[in-house]
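Below: start-v7.cif (mmCIF, C-alpha atoms and all ligand atoms)
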```
data_final
#
loop_
_atom_site.label_atom_id
_atom_site.label_comp_id
_atom_site.auth_asym_id
_atom_site.auth_seq_id
_atom_site.Cartn_x
_atom_site.Cartn_y
_atom_site.Cartn_z
CA MET C 250 84.24 129.99 112.70
CA GLU C 251 82.97 132.82 110.50
CA ASN C 252 86.50 133.69 109.38
CA LEU C 253 87.18 130.08 108.63
CA CYS C 254 84.03 129.86 106.56
CA SER C 255 84.54 133.08 104.59
CA GLY C 256 88.20 132.21 104.01
CA LEU C 257 87.19 128.93 102.44
CA ILE C 258 84.48 130.59 100.34
CA LYS C 259 87.08 133.03 98.95
CA GLN C 260 89.39 130.15 98.05
CA ILE C 261 86.58 128.28 96.31
CA GLN C 262 85.50 131.35 94.35
CA ALA C 263 89.07 132.02 93.26
CA HIS C 264 89.52 128.50 91.94
CA LYS C 265 89.95 128.19 88.17
CA LEU C 266 89.54 124.90 86.40
CA SER C 267 92.77 123.00 86.70
CA ALA C 268 93.90 120.32 84.33
CA LEU C 269 96.95 119.69 86.48
CA SER C 270 95.33 117.65 89.21
CA ALA C 271 92.25 115.49 89.44
CA ILE C 272 91.28 116.98 92.80
CA THR C 273 91.90 120.46 94.20
CA TYR C 274 91.48 121.12 97.91
CA PHE C 275 90.83 124.21 99.98
CA LYS C 276 92.19 124.19 103.47
CA SER C 277 91.82 126.31 106.54
CA GLU C 278 92.65 125.86 110.20
CA MET C 279 92.03 127.59 113.49
CA GLN C 280 92.71 127.12 117.19
CA LEU C 281 89.22 126.19 118.22
CA THR C 282 87.47 123.41 120.09
CA VAL C 283 84.31 122.39 118.30
CA GLU C 284 81.80 119.70 119.05
CA LEU C 285 81.94 117.81 115.80
CA LEU C 286 78.86 115.79 116.72
CA ALA C 287 76.87 119.01 117.22
CA TRP C 288 78.05 120.14 113.80
CA LEU C 289 77.08 116.81 112.20
CA LYS C 290 73.71 116.94 113.93
CA ALA C 291 72.86 120.14 112.06
CA GLN C 292 73.72 118.78 108.61
CA GLU C 293 71.65 117.27 105.85
CA MET C 294 74.48 116.20 103.56
CA TYR C 295 75.34 112.47 103.37
CA PRO C 296 77.22 110.26 103.86
CA GLN C 297 78.29 111.39 107.29
CA PHE C 298 81.29 109.88 108.98
CA TYR C 299 82.76 110.39 112.42
CA LEU C 300 85.69 108.87 114.27
CA ASN C 301 86.99 109.84 117.68
CA TYR C 302 90.34 108.10 118.18
CA ARG C 303 90.97 105.91 121.19
CA ASP C 304 94.59 106.75 121.96
CA GLU C 305 95.17 110.20 120.48
CA PRO C 306 93.39 113.56 120.89
CA ILE C 307 92.06 113.33 117.32
CA THR C 308 88.47 113.44 116.13
CA ILE C 309 87.44 113.55 112.51
CA ALA C 310 84.07 114.15 110.89
CA SER C 311 83.12 114.32 107.25
CA LEU C 312 80.19 115.15 105.00
CA GLY C 313 79.39 114.10 101.46
CA LYS C 314 81.45 112.20 98.95
CA VAL C 315 83.48 113.28 95.95
CA ARG C 316 84.89 109.91 94.89
CA LEU C 317 83.78 106.43 95.90
CA PHE C 318 85.76 103.15 95.89
CA SER C 319 84.25 99.74 96.43
CA ASP C 320 87.60 97.98 96.46
CA GLU C 321 90.26 98.61 99.09
CA LYS C 322 93.10 98.14 96.58
CA MET C 323 91.68 100.84 94.30
CA ALA C 324 91.19 103.02 97.36
CA GLN C 325 94.82 102.52 98.38
CA GLN C 326 96.03 103.30 94.85
CA PHE C 327 94.07 106.58 94.85
CA VAL C 328 95.47 107.52 98.27
CA GLN C 329 99.03 106.85 97.14
CA GLN C 330 98.74 108.58 93.78
CA GLN C 331 96.81 111.64 94.94
CA ASP C 332 98.12 111.88 98.50
CA LEU C 333 94.56 112.47 99.73
CA PRO C 334 92.67 110.81 102.60
CA LEU C 335 89.77 108.40 102.25
CA VAL C 336 87.32 107.47 104.97
CA GLY C 337 85.22 104.34 105.20
CA GLY C 338 85.94 100.69 105.77
CA LEU C 339 84.93 97.11 105.22
CA THR C 340 81.75 95.42 106.38
CA PHE C 341 82.14 92.18 108.31
CA SER C 342 81.88 90.24 105.06
CA LYS C 343 84.62 92.40 103.51
CA GLN C 344 82.59 94.67 101.29
CA ALA C 345 84.73 97.76 100.95
CA LYS C 346 83.35 101.28 100.90
CA PHE C 347 85.82 104.16 100.87
CA TRP C 348 85.19 107.70 99.83
CA LEU C 349 86.85 111.06 99.49
CA PRO C 350 84.49 113.32 101.45
CA ARG C 351 83.33 116.71 100.21
CA LEU C 352 84.29 118.22 103.52
CA LEU C 353 86.63 116.88 106.18
CA LEU C 354 86.92 118.35 109.68
CA GLU C 355 89.77 117.22 111.89
CA ASN C 356 90.16 118.20 115.51
CA ILE C 357 93.78 117.56 116.37
CA ASP C 358 95.02 118.79 119.76
CA ASN C 359 92.30 121.46 119.81
CA ILE C 360 93.15 122.79 116.39
CA LEU C 361 90.40 122.51 113.84
CA HIS C 362 91.50 121.70 110.30
CA VAL C 363 88.91 122.04 107.56
CA THR C 364 89.42 120.72 104.03
CA ILE C 365 87.01 120.94 101.10
CA TYR C 366 87.61 118.81 98.01
CA PHE C 367 86.81 119.89 94.44
CA ASP C 368 86.72 117.31 91.69
CA ASN C 369 88.27 118.82 88.54
CA GLU C 370 86.94 115.92 86.48
CA GLN C 371 83.31 116.82 87.17
CA ASP C 372 81.16 119.72 85.95
CA PHE C 373 82.83 122.91 87.17
CA VAL C 374 79.70 124.84 88.15
CA THR C 375 78.17 121.87 89.98
CA GLU C 376 81.39 121.28 91.88
CA GLN C 377 81.76 124.94 92.79
CA HIS C 378 78.20 125.01 94.08
CA ALA C 379 78.73 121.83 96.11
CA CYS C 380 81.94 123.22 97.64
CA LEU C 381 80.27 126.49 98.60
CA GLN C 382 77.42 124.56 100.19
CA ALA C 383 79.99 122.53 102.10
CA ALA C 384 81.72 125.68 103.41
CA LYS C 385 78.38 127.04 104.61
CA THR C 386 77.74 123.99 106.78
CA LEU C 387 80.35 125.46 109.15
CA GLU C 388 77.81 128.08 110.17
CA LYS C 389 75.37 125.51 111.51
CA PHE C 390 75.48 123.66 114.81
CA THR C 391 72.65 121.98 116.71
CA ALA C 392 73.08 121.61 120.46
CA LEU C 393 73.43 118.02 121.64
CA GLN C 394 70.85 116.74 124.08
CA SER C 395 70.97 114.02 126.66
CA VAL C 396 69.21 110.82 125.69
CA LYS C 397 66.24 110.29 127.95
CA GLN C 398 64.16 108.15 125.64
CA VAL C 399 62.49 105.05 126.97
CA VAL C 400 62.87 101.92 124.87
CA HIS C 401 61.33 98.50 124.94
CA LYS C 402 62.63 95.27 123.52
CA ILE C 403 60.82 94.12 120.38
CA GLY C 404 62.90 91.13 119.44
CA GLN C 405 66.16 89.28 119.40
CA LYS C 406 67.70 86.95 116.87
CA ALA C 407 68.62 84.40 119.50
CA ASN C 408 67.00 83.80 122.87
CA THR C 409 68.92 81.76 125.43
CA GLU C 410 67.79 78.45 123.89
CA VAL C 411 68.72 79.41 120.34
CA TRP C 412 71.99 80.84 121.63
CA THR C 413 72.78 77.65 123.51
CA ASN C 414 72.06 75.69 120.36
CA TRP C 415 74.41 77.89 118.27
CA ILE C 416 77.16 77.50 120.84
CA GLU C 417 76.71 73.74 120.97
CA GLN C 418 77.02 73.60 117.19
CA GLY C 419 80.18 75.68 117.44
CA LEU C 420 81.58 73.47 120.18
CA ALA C 421 80.87 70.38 118.04
CA GLU C 422 82.89 71.89 115.16
CA ILE C 423 85.70 72.66 117.61
CA LYS C 424 85.62 69.11 118.99
CA GLN C 425 85.80 67.66 115.48
CA GLY C 426 88.83 69.83 114.81
CA HIS C 427 87.23 71.93 112.03
CA LEU C 428 87.53 75.10 114.08
CA SER C 429 89.55 76.21 117.07
CA LYS C 430 87.46 79.34 117.73
CA VAL C 431 84.28 80.92 116.44
CA VAL C 432 82.84 84.28 117.51
CA LEU C 433 79.05 84.03 117.59
CA ALA C 434 76.92 87.15 117.92
CA ASN C 435 73.36 88.17 118.65
CA GLN C 436 71.24 91.08 117.46
CA THR C 437 68.65 92.58 119.81
CA GLU C 438 66.04 95.13 118.72
CA PHE C 439 64.46 97.94 120.70
CA LEU C 440 61.86 100.56 119.88
CA SER C 441 61.81 104.01 121.49
CA ASN C 442 58.80 106.11 122.44
CA GLN C 443 60.40 109.22 120.90
CA PRO C 444 62.98 109.62 118.11
CA ILE C 445 66.58 109.08 119.21
CA ASP C 446 69.15 111.22 117.50
CA ALA C 447 72.22 109.13 116.66
CA LYS C 448 74.58 112.04 117.43
CA ASP C 449 73.04 112.64 120.85
CA PHE C 450 73.33 108.94 121.52
CA LEU C 451 76.98 108.78 120.48
CA ALA C 452 77.83 111.91 122.48
CA GLU C 453 76.36 110.21 125.54
CA SER C 454 78.39 107.11 124.80
CA GLU C 455 81.58 109.19 124.49
CA GLN C 456 80.95 110.51 127.99
CA GLN C 457 80.31 107.10 129.49
CA ASN C 458 82.34 104.61 127.48
CA THR C 459 85.79 106.06 127.92
CA GLY C 460 88.88 104.30 126.56
CA CYS C 461 87.16 103.57 123.25
CA TYR C 462 86.99 104.71 119.66
CA HIS C 463 83.63 106.33 118.95
CA PHE C 464 82.28 106.11 115.44
CA LEU C 465 79.30 107.01 113.32
CA LEU C 466 78.42 106.18 109.74
CA ALA C 467 75.20 107.55 108.26
CA GLU C 468 74.70 106.95 104.57
CA GLN C 469 71.31 108.64 104.69
CA ALA C 470 69.13 110.57 107.15
CA GLU C 471 67.02 107.65 108.36
CA CYS C 472 69.72 105.27 109.44
CA ALA C 473 72.99 105.58 111.35
CA PHE C 474 75.50 103.00 112.49
CA VAL C 475 77.15 104.07 115.75
CA GLY C 476 79.26 102.61 118.47
CA SER C 477 82.06 102.82 121.02
CA THR C 478 84.64 100.12 120.53
CA PRO C 479 87.70 99.28 122.63
CA GLU C 480 89.31 97.45 119.71
CA ARG C 481 91.86 98.65 117.20
CA LEU C 482 92.19 96.87 113.88
CA TYR C 483 95.49 98.60 113.19
CA THR C 484 97.25 101.91 113.03
CA ARG C 485 100.00 102.59 110.52
CA GLN C 486 102.71 105.24 110.39
CA GLY C 487 104.60 104.65 107.17
CA GLN C 488 105.70 101.02 107.32
CA HIS C 489 105.28 100.75 111.09
CA MET C 490 102.06 99.07 112.10
CA GLN C 491 100.47 98.43 115.45
CA THR C 492 97.65 96.00 115.87
CA GLU C 493 96.32 94.02 118.82
CA ALA C 494 94.58 90.90 120.01
CA LEU C 495 91.69 91.96 122.23
CA ALA C 496 89.81 88.89 123.42
CA GLY C 497 88.94 87.23 126.70
CA THR C 498 86.43 88.89 128.98
CA ALA C 499 85.62 89.40 132.66
CA THR C 500 83.12 91.61 134.45
CA ILE C 501 83.50 95.14 135.77
CA THR C 502 81.14 96.50 138.41
CA ASP C 503 81.29 99.48 140.75
CA ASN C 504 83.08 97.39 143.34
CA PRO C 505 86.87 97.89 142.99
CA GLN C 506 87.68 94.83 145.08
CA TYR C 507 85.51 92.56 142.99
CA ASN C 508 86.96 94.08 139.81
CA GLN C 509 90.49 93.31 141.02
CA GLN C 510 89.49 89.70 141.71
CA GLN C 511 88.07 89.51 138.20
CA THR C 512 91.28 90.98 136.76
CA ASP C 513 93.38 88.41 138.60
CA TRP C 514 91.06 85.64 137.50
CA LEU C 515 91.12 86.83 133.87
CA LEU C 516 94.92 86.93 133.78
CA ASN C 517 95.08 83.35 135.02
CA ASP C 518 92.12 81.76 133.28
CA ARG C 519 93.19 79.23 130.66
CA LYS C 520 90.07 79.46 128.52
CA ASN C 521 90.33 83.26 128.20
CA ASP C 522 94.06 83.10 127.55
CA HIS C 523 93.43 80.57 124.81
CA GLU C 524 90.75 82.85 123.31
CA ASN C 525 93.27 85.66 123.21
CA ARG C 526 96.23 83.63 121.95
CA LEU C 527 94.21 82.35 118.99
CA VAL C 528 93.73 85.97 117.89
CA VAL C 529 97.48 86.58 118.18
CA GLN C 530 98.13 83.42 116.20
CA GLY C 531 95.66 84.35 113.45
CA ILE C 532 97.00 87.91 113.07
CA CYS C 533 100.66 86.83 113.07
CA GLU C 534 100.12 84.00 110.57
CA ASN C 535 98.19 86.22 108.19
CA LEU C 536 100.67 89.08 108.39
CA GLN C 537 103.80 86.92 108.13
CA PRO C 538 104.23 87.17 104.30
CA TYR C 539 103.95 90.97 104.45
CA VAL C 540 106.26 91.92 107.32
CA ASN C 541 109.99 92.13 107.90
CA HIS C 542 109.49 91.90 111.62
CA ILE C 543 106.66 91.25 114.04
CA ALA C 544 106.62 91.30 117.86
CA VAL C 545 103.92 90.45 120.39
CA CYS C 546 103.86 92.39 123.69
CA ASP C 547 103.03 90.93 127.10
CA VAL C 548 99.43 90.40 128.02
CA GLU C 549 97.61 93.29 129.74
CA VAL C 550 94.07 94.03 130.87
CA LYS C 551 91.95 96.66 129.18
CA GLN C 552 89.28 97.89 131.56
CA LEU C 553 86.00 99.31 130.33
CA ARG C 554 82.75 100.35 132.00
CA GLN C 555 81.01 96.97 131.95
CA VAL C 556 83.73 94.51 131.01
CA GLN C 557 87.50 94.02 131.02
CA HIS C 558 89.47 92.27 128.31
CA LEU C 559 92.81 90.59 127.81
CA ARG C 560 94.93 92.42 125.28
CA ARG C 561 98.19 91.65 123.54
CA CYS C 562 99.57 94.47 121.42
CA ILE C 563 101.40 93.54 118.24
CA GLN C 564 104.01 95.68 116.49
CA ALA C 565 105.04 95.01 112.92
CA GLU C 566 107.37 96.46 110.32
CA LEU C 567 105.65 96.13 106.95
CA LYS C 568 107.62 95.23 103.83
CA ASN C 569 108.29 98.16 101.53
CA ASN C 570 105.46 97.82 99.05
CA VAL C 571 102.83 96.82 101.60
CA ALA C 572 100.07 99.34 102.39
CA ASP C 573 96.46 99.48 103.59
CA GLY C 574 94.91 97.33 100.86
CA VAL C 575 96.91 94.35 102.08
CA CYS C 576 96.63 95.25 105.78
CA LEU C 577 92.85 95.39 105.63
CA GLN C 578 92.55 92.20 103.61
CA THR C 579 94.85 90.19 105.84
CA ILE C 580 93.83 91.32 109.32
CA HIS C 581 90.08 91.77 108.85
CA PRO C 582 88.00 89.99 110.12
CA SER C 583 90.44 88.90 112.81
CA ALA C 584 89.89 85.91 115.07
CA ALA C 585 88.61 88.39 117.69
CA VAL C 586 85.39 88.79 115.70
CA SER C 587 85.29 85.81 113.32
CA GLY C 588 87.30 82.84 114.58
CA LEU C 589 90.03 80.48 113.50
CA PRO C 590 90.64 79.23 110.82
CA GLN C 591 89.16 82.42 109.46
CA GLN C 592 87.40 81.09 106.36
CA SER C 593 85.78 78.11 108.04
CA ALA C 594 84.70 80.31 110.94
CA VAL C 595 83.09 82.86 108.62
CA GLN C 596 81.31 80.05 106.73
CA PHE C 597 80.03 78.62 110.00
CA LEU C 598 78.72 82.05 111.06
CA GLN C 599 77.00 82.58 107.72
CA LYS C 600 75.06 79.37 108.03
CA THR C 601 74.38 79.64 111.77
CA GLU C 602 73.60 83.28 112.61
CA ASN C 603 70.17 84.23 111.27
CA PHE C 604 70.98 87.87 110.51
CA ASP C 605 73.32 89.98 108.40
CA ARG C 606 76.18 91.48 110.42
CA SER C 607 76.59 94.31 107.90
CA TRP C 608 78.90 96.90 109.56
CA TYR C 609 78.85 95.13 112.92
CA ALA C 610 82.35 93.67 113.48
CA GLY C 611 83.43 95.37 110.28
CA THR C 612 86.15 97.97 110.30
CA LEU C 613 85.91 101.76 109.99
CA GLY C 614 88.66 104.32 109.72
CA ILE C 615 90.78 106.61 107.63
CA MET C 616 93.43 105.82 105.07
CA ARG C 617 96.21 108.23 104.10
CA LYS C 618 99.47 107.87 102.26
CA LEU C 619 101.60 107.86 105.39
CA GLN C 620 99.06 107.07 108.09
CA ALA C 621 96.04 104.92 108.67
CA GLU C 622 93.78 104.25 111.63
CA PHE C 623 91.10 101.56 111.71
CA CYS C 624 88.93 100.35 114.56
CA VAL C 625 86.86 97.18 114.81
CA ALA C 626 83.20 98.19 114.77
CA ILE C 627 81.92 96.16 117.74
CA ARG C 628 79.83 97.50 120.70
CA SER C 629 77.74 98.99 117.92
CA ALA C 630 74.15 99.55 116.82
CA PHE C 631 72.00 100.72 113.94
CA ILE C 632 69.60 103.52 114.82
CA GLU C 633 66.75 103.75 112.31
CA GLN C 634 64.08 106.46 112.30
CA GLN C 635 60.54 105.19 111.92
CA GLY C 636 58.21 108.18 112.14
CA GLU C 637 58.07 109.33 115.74
CA GLN C 638 59.94 106.30 116.97
CA SER C 639 63.44 104.90 116.53
CA LYS C 640 64.44 101.32 116.15
CA ILE C 641 67.76 100.32 117.65
CA ARG C 642 69.50 97.12 116.70
CA ILE C 643 72.33 96.32 119.09
CA PHE C 644 74.95 93.66 118.39
CA ALA C 645 77.18 91.70 120.74
CA GLY C 646 79.31 88.61 120.28
CA ALA C 647 81.58 86.27 122.18
CA GLY C 648 84.49 84.05 121.23
CA ILE C 649 83.62 80.39 121.58
CA VAL C 650 86.50 78.00 122.25
CA ALA C 651 86.80 74.55 123.83
CA GLY C 652 85.46 74.93 127.36
CA SER C 653 82.95 77.70 126.59
CA VAL C 654 79.75 77.44 128.63
CA PRO C 655 76.66 78.70 126.71
CA LEU C 656 75.06 80.53 129.63
CA LEU C 657 78.30 82.23 130.65
CA GLU C 658 78.79 83.36 127.05
CA TRP C 659 75.21 84.64 127.14
CA GLN C 660 76.00 86.73 130.22
CA GLU C 661 79.13 87.97 128.46
CA ILE C 662 77.23 89.25 125.40
CA GLU C 663 74.56 90.81 127.60
CA ARG C 664 77.24 92.80 129.42
CA LYS C 665 78.84 93.83 126.16
CA ALA C 666 75.49 95.00 124.77
CA SER C 667 74.86 96.97 127.95
CA SER C 668 77.71 99.38 127.15
CA LEU C 669 75.27 101.01 124.68
CA LEU C 670 71.98 99.83 126.07
CA SER C 671 72.58 101.30 129.52
CA LEU C 672 72.57 104.79 127.94
CA LEU C 673 68.82 104.37 127.45
CA THR C 674 65.99 103.64 129.83
CA ILE C 675 64.46 100.22 129.28
CA GLU C 676 60.86 99.78 130.26
C1 LIG C 701 82.64 90.20 119.39
C2 LIG C 701 82.72 91.08 120.39
O1 LIG C 701 83.79 91.22 121.21
C3 LIG C 701 84.95 90.41 121.02
C4 LIG C 701 84.90 89.19 121.85
C5 LIG C 701 85.53 89.12 123.07
C6 LIG C 701 85.43 87.88 123.91
O2 LIG C 701 84.71 86.94 123.54
O3 LIG C 701 86.04 87.79 124.98
C7 LIG C 701 86.28 90.20 123.54
C8 LIG C 701 86.50 91.28 122.77
C9 LIG C 701 86.15 91.27 121.33
O4 LIG C 701 87.20 90.73 120.64
C10 LIG C 701 81.60 92.03 120.64
O5 LIG C 701 81.71 92.85 121.56
O6 LIG C 701 80.58 91.98 119.92
MG MG C 702 84.99 85.82 125.51
#
```

As structure tokens, what does this structure read like?
Amino acid sequence: MENLCSGLIKQIQAHKLSALSAITYFKSEMQLTVELLAWLKAQEMYPQFYLNYRDEPITIASLGKVRLFSDEKMAQQFVQQQDLPLVGGLTFSKQAKFWLPRLLLENIDNILHVTIYFDNEQDFVTEQHACLQAAKTLEKFTALQSVKQVVHKIGQKANTEVWTNWIEQGLAEIKQGHLSKVVLANQTEFLSNQPIDAKDFLAESEQQNTGCYHFLLAEQAECAFVGSTPERLYTRQGQHMQTEALAGTATITDNPQYNQQQTDWLLNDRKNDHENRLVVQGICENLQPYVNHIAVCDVEVKQLRQVQHLRRCIQAELKNNVADGVCLQTIHPSAAVSGLPQQSAVQFLQKTENFDRSWYAGTLGIMRKLQAEFCVAIRSAFIEQQGEQSKIRIFAGAGIVAGSVPLLEWQEIERKASSLLSLLTIE
């Protein structure tokens, strides 16, 4: 690590102002396994971003920002022109936030790649100082600790009565033919007796919630958005894109026999199949104008720690000029987290749910010229520091279709919330 750090410092010090490119970068790599969450835990530079991929041995973490984009089309243009990566995403309500980090760490197959970005269009001395500071962060790690904090519930946006009422309103819209699906969610708040470190919490979740993407976004010290999601928004390699419809839920317990019964039931249940097919339909319809070819794979079951889901993978060949700006706009928010038709579903949620989803059910990921990876930020929570305590707001939602039963949907969101909640002790 020391070599890596001093190597980067030498590169930064040798850098002369360049009029040739807007951004200069300094790169170094080493065969090394590092705990990126332990590194992030030691840092005071923001924003902080972290993504541990679901299907590949890739984890990325970043600190700071050099350039910021609040429009995904501008972000895409920058990525294509500069051939540089941007991290970030879109909130549920499609507010884009993408940035070129000051420092990007990528763990790919146990090789650590470090890149520091220098903005040639900013004050030279300030940039040089910021880059040197960034290099020095590689010297600092703080050991991760297990989360033992006790929490107690302080509130929820919907109790079972309110929830039932929301669902009945949704079912009425479905019956009248205004909607075919709407994904309602709840927010539950907890307070801890001692501060909970978001990185410790996410590290614990990585251990327990396998088969997921693990993400963290902290724009400042006091608040972090974290989660472990089973759902991919899409991945892109050049013009080849893979997305998926993940919807339809059954229970998982520690009884393998019962789990198998649930799997069999899930694969044959008409309501859950309908829930899933509506997501396929929404994604395919929206992508149609932008693809040369699109194919839907057979249904499969994705098993997690508390729940199992129906999944249909979707492969598409994007038209030549189509890139991430369009992909994000057309897929997000999919019918897995909003509903169908998309606009009416989102409007219904805005007037029904009594809270702001913010990053919950938004999308987070990384955009590059030839590659992109975005997850759907569900099974997520905000962790806010309030003196010696932490407030945790956990979100969970369920797709409502004809035939949905309010209390069963309630049990479904409780199970989904427990993927994060079970990491803590509830008093
Ligand atoms: C909305 C959430 O999950 C979504 C809803 C599902 C369902 O209703 O069956 C399944 C997976 C996700 O698409 C959530 O976890 O908050
Ligand atoms: Mg469901």

Cut-off 10 Å: closest range 433-502 of chain C/range 530-548 of chain C atom pairs per residue, using only C-alpha atoms, as CSV:
```
residue,atom,partner,partner_atom,distance
C:Gln488,CA,C:Val540,CA,9.1
C:His489,CA,C:Val540,CA,9.7
C:Met490,CA,C:Ile543,CA,9.3
C:Gln491,CA,C:Ile543,CA,9.6
C:Thr492,CA,C:Ile532,CA,8.6
C:Glu493,CA,C:Ile532,CA,8.4
C:Ala494,CA,C:Ile532,CA,7.9
C:Leu495,CA,C:Val548,CA,9.8
```

Shell of 12 Å around Ser255 in chain C, all atoms listed in the file, local chain residues under 2 positions omitted, as a list in words: Met250, Glu251, Asn252, Leu253, Leu257, Ile258, Lys259, Gln260, Ile261, Gln262, Phe275, Lys276, Ser277, Leu381, Gln382, Ala383, Ala384, Lys385, Thr386, Leu387 and Glu388 of chain C

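Here the question is which of C:His463, C:Arg351, C:His427, C:Arg519 gets nearest to Tyr302 in chain C using all atoms listed in the file, and that residue is C:His463.
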
Tell me which protein, DNA and RNA residues are within 12 Å of His523 in chain C, counting all atoms listed in the file, leaving out same-chain ones fewer than 3 positions away, and put them as an mmCIF file with C-alpha atoms, in the frame of the given file.
```cif
data_model
loop_
_atom_site.group_PDB
_atom_site.id
_atom_site.type_symbol
_atom_site.label_atom_id
_atom_site.label_comp_id
_atom_site.auth_asym_id
_atom_site.auth_seq_id
_atom_site.Cartn_x
_atom_site.Cartn_y
_atom_site.Cartn_z
ATOM 1 C CA SER C 429 89.550 76.210 117.070
ATOM 2 C CA LYS C 430 87.460 79.340 117.730
ATOM 3 C CA ALA C 494 94.580 90.900 120.010
ATOM 4 C CA LEU C 495 91.690 91.960 122.230
ATOM 5 C CA ALA C 496 89.810 88.890 123.420
ATOM 6 C CA GLY C 497 88.940 87.230 126.700
ATOM 7 C CA THR C 498 86.430 88.890 128.980
ATOM 8 C CA LEU C 515 91.120 86.830 133.870
ATOM 9 C CA LEU C 516 94.920 86.930 133.780
ATOM 10 C CA ASN C 517 95.080 83.350 135.020
ATOM 11 C CA ASP C 518 92.120 81.760 133.280
ATOM 12 C CA ARG C 519 93.190 79.230 130.660
ATOM 13 C CA LYS C 520 90.070 79.460 128.520
ATOM 14 C CA ARG C 526 96.230 83.630 121.950
ATOM 15 C CA LEU C 527 94.210 82.350 118.990
ATOM 16 C CA VAL C 528 93.730 85.970 117.890
ATOM 17 C CA VAL C 529 97.480 86.580 118.180
ATOM 18 C CA GLN C 530 98.130 83.420 116.200
ATOM 19 C CA VAL C 548 99.430 90.400 128.020
ATOM 20 C CA LEU C 559 92.810 90.590 127.810
ATOM 21 C CA ARG C 560 94.930 92.420 125.280
ATOM 22 C CA ALA C 584 89.890 85.910 115.070
ATOM 23 C CA ALA C 585 88.610 88.390 117.690
ATOM 24 C CA LEU C 589 90.030 80.480 113.500
ATOM 25 C CA GLY C 648 84.490 84.050 121.230
ATOM 26 C CA ILE C 649 83.620 80.390 121.580
ATOM 27 C CA VAL C 650 86.500 78.000 122.250
ATOM 28 C CA ALA C 651 86.800 74.550 123.830
ATOM 29 C CA GLY C 652 85.460 74.930 127.360
ATOM 30 C CA SER C 653 82.950 77.700 126.590
#
```

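Among the candidates C:Thr308, C:Gln398, C:Thr601, C:Gln511, the residue lying nearest to Asn435 in chain C is C:Thr601 (atoms considered: all atoms listed in the file).
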
Close residues to ligand LIG 701 (chain C) using only C-alpha atoms and all ligand atoms, limit 8 Å, as a PyMOL selection string: chain C and resi 432-434+478+480+494-499+521+524-525+558-559+584-587+609-610+627-629+644-649+658+661-662+665-666

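Separating CA of Asn408 in chain C from CA of Ser593 in chain C is a distance of 24.6 Å.
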
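Among C:Phe623, C:Trp514, C:Phe367, C:Phe450, the residue with the shortest atom-to-atom distance to Asn301 in chain C, counting all atoms listed in the file, is C:Phe623.
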
Between CA of Glu663 in chain C and CA of Ile580 in chain C, distance in Å (one decimal): 26.6 Å

Range 635-642 of chain C, all listed atoms, 3 Å padding on each side: what axis-aligned box centre and edge lengths in Å to one decimal come out, as lines of an AutoDock Vina configuration file?
```
center_x = 63.8
center_y = 103.2
center_z = 114.8
size_x = 17.4
size_y = 18.2
size_z = 11.7
```

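For the atom pair formed by CA of Ala324 in chain C and CA of Thr579 in chain C, the distance is 15.8 Å, given to one decimal.
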
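By chain and then residue number, the residues within 8 Å of Ile416 in chain C are C:Trp412, C:Thr413, C:Gly419, C:Leu420, C:Leu433, C:Ile649, C:Pro655, counting all atoms listed in the file and disregarding those fewer than 3 positions away in sequence.
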
Among listed residues C:Met294, C:Leu335, C:Leu482, C:Val431, nearest ligand MG 702 (chain C) (using only C-alpha atoms and all ligand atoms): C:Val431

Shell around Glu633 in chain C at 6 Å using all atoms listed in the file, local window under 3 positions removed, as JSON, numbers by chain: {"C": [471, 472, 639, 640]}

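With only C-alpha atoms and all ligand atoms as the atoms that count, the minimum distance from ligand MG 702 (chain C) to the choices C:Leu657, C:Ala452, C:Leu673, C:Val571 is reached by C:Leu657.
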
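Closest approach to Gln469 in chain C among C:Ser319, C:Thr502, C:Gln292, C:Gln578 is made by C:Gln292 (distances from all atoms listed in the file).
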
Neighbour list for Asn359 in chain C as an NGL selection string, cut-off 8 Å, all atoms listed in the file, skip fewer than 3 positions in-chain: :C and (280-282 or 356)
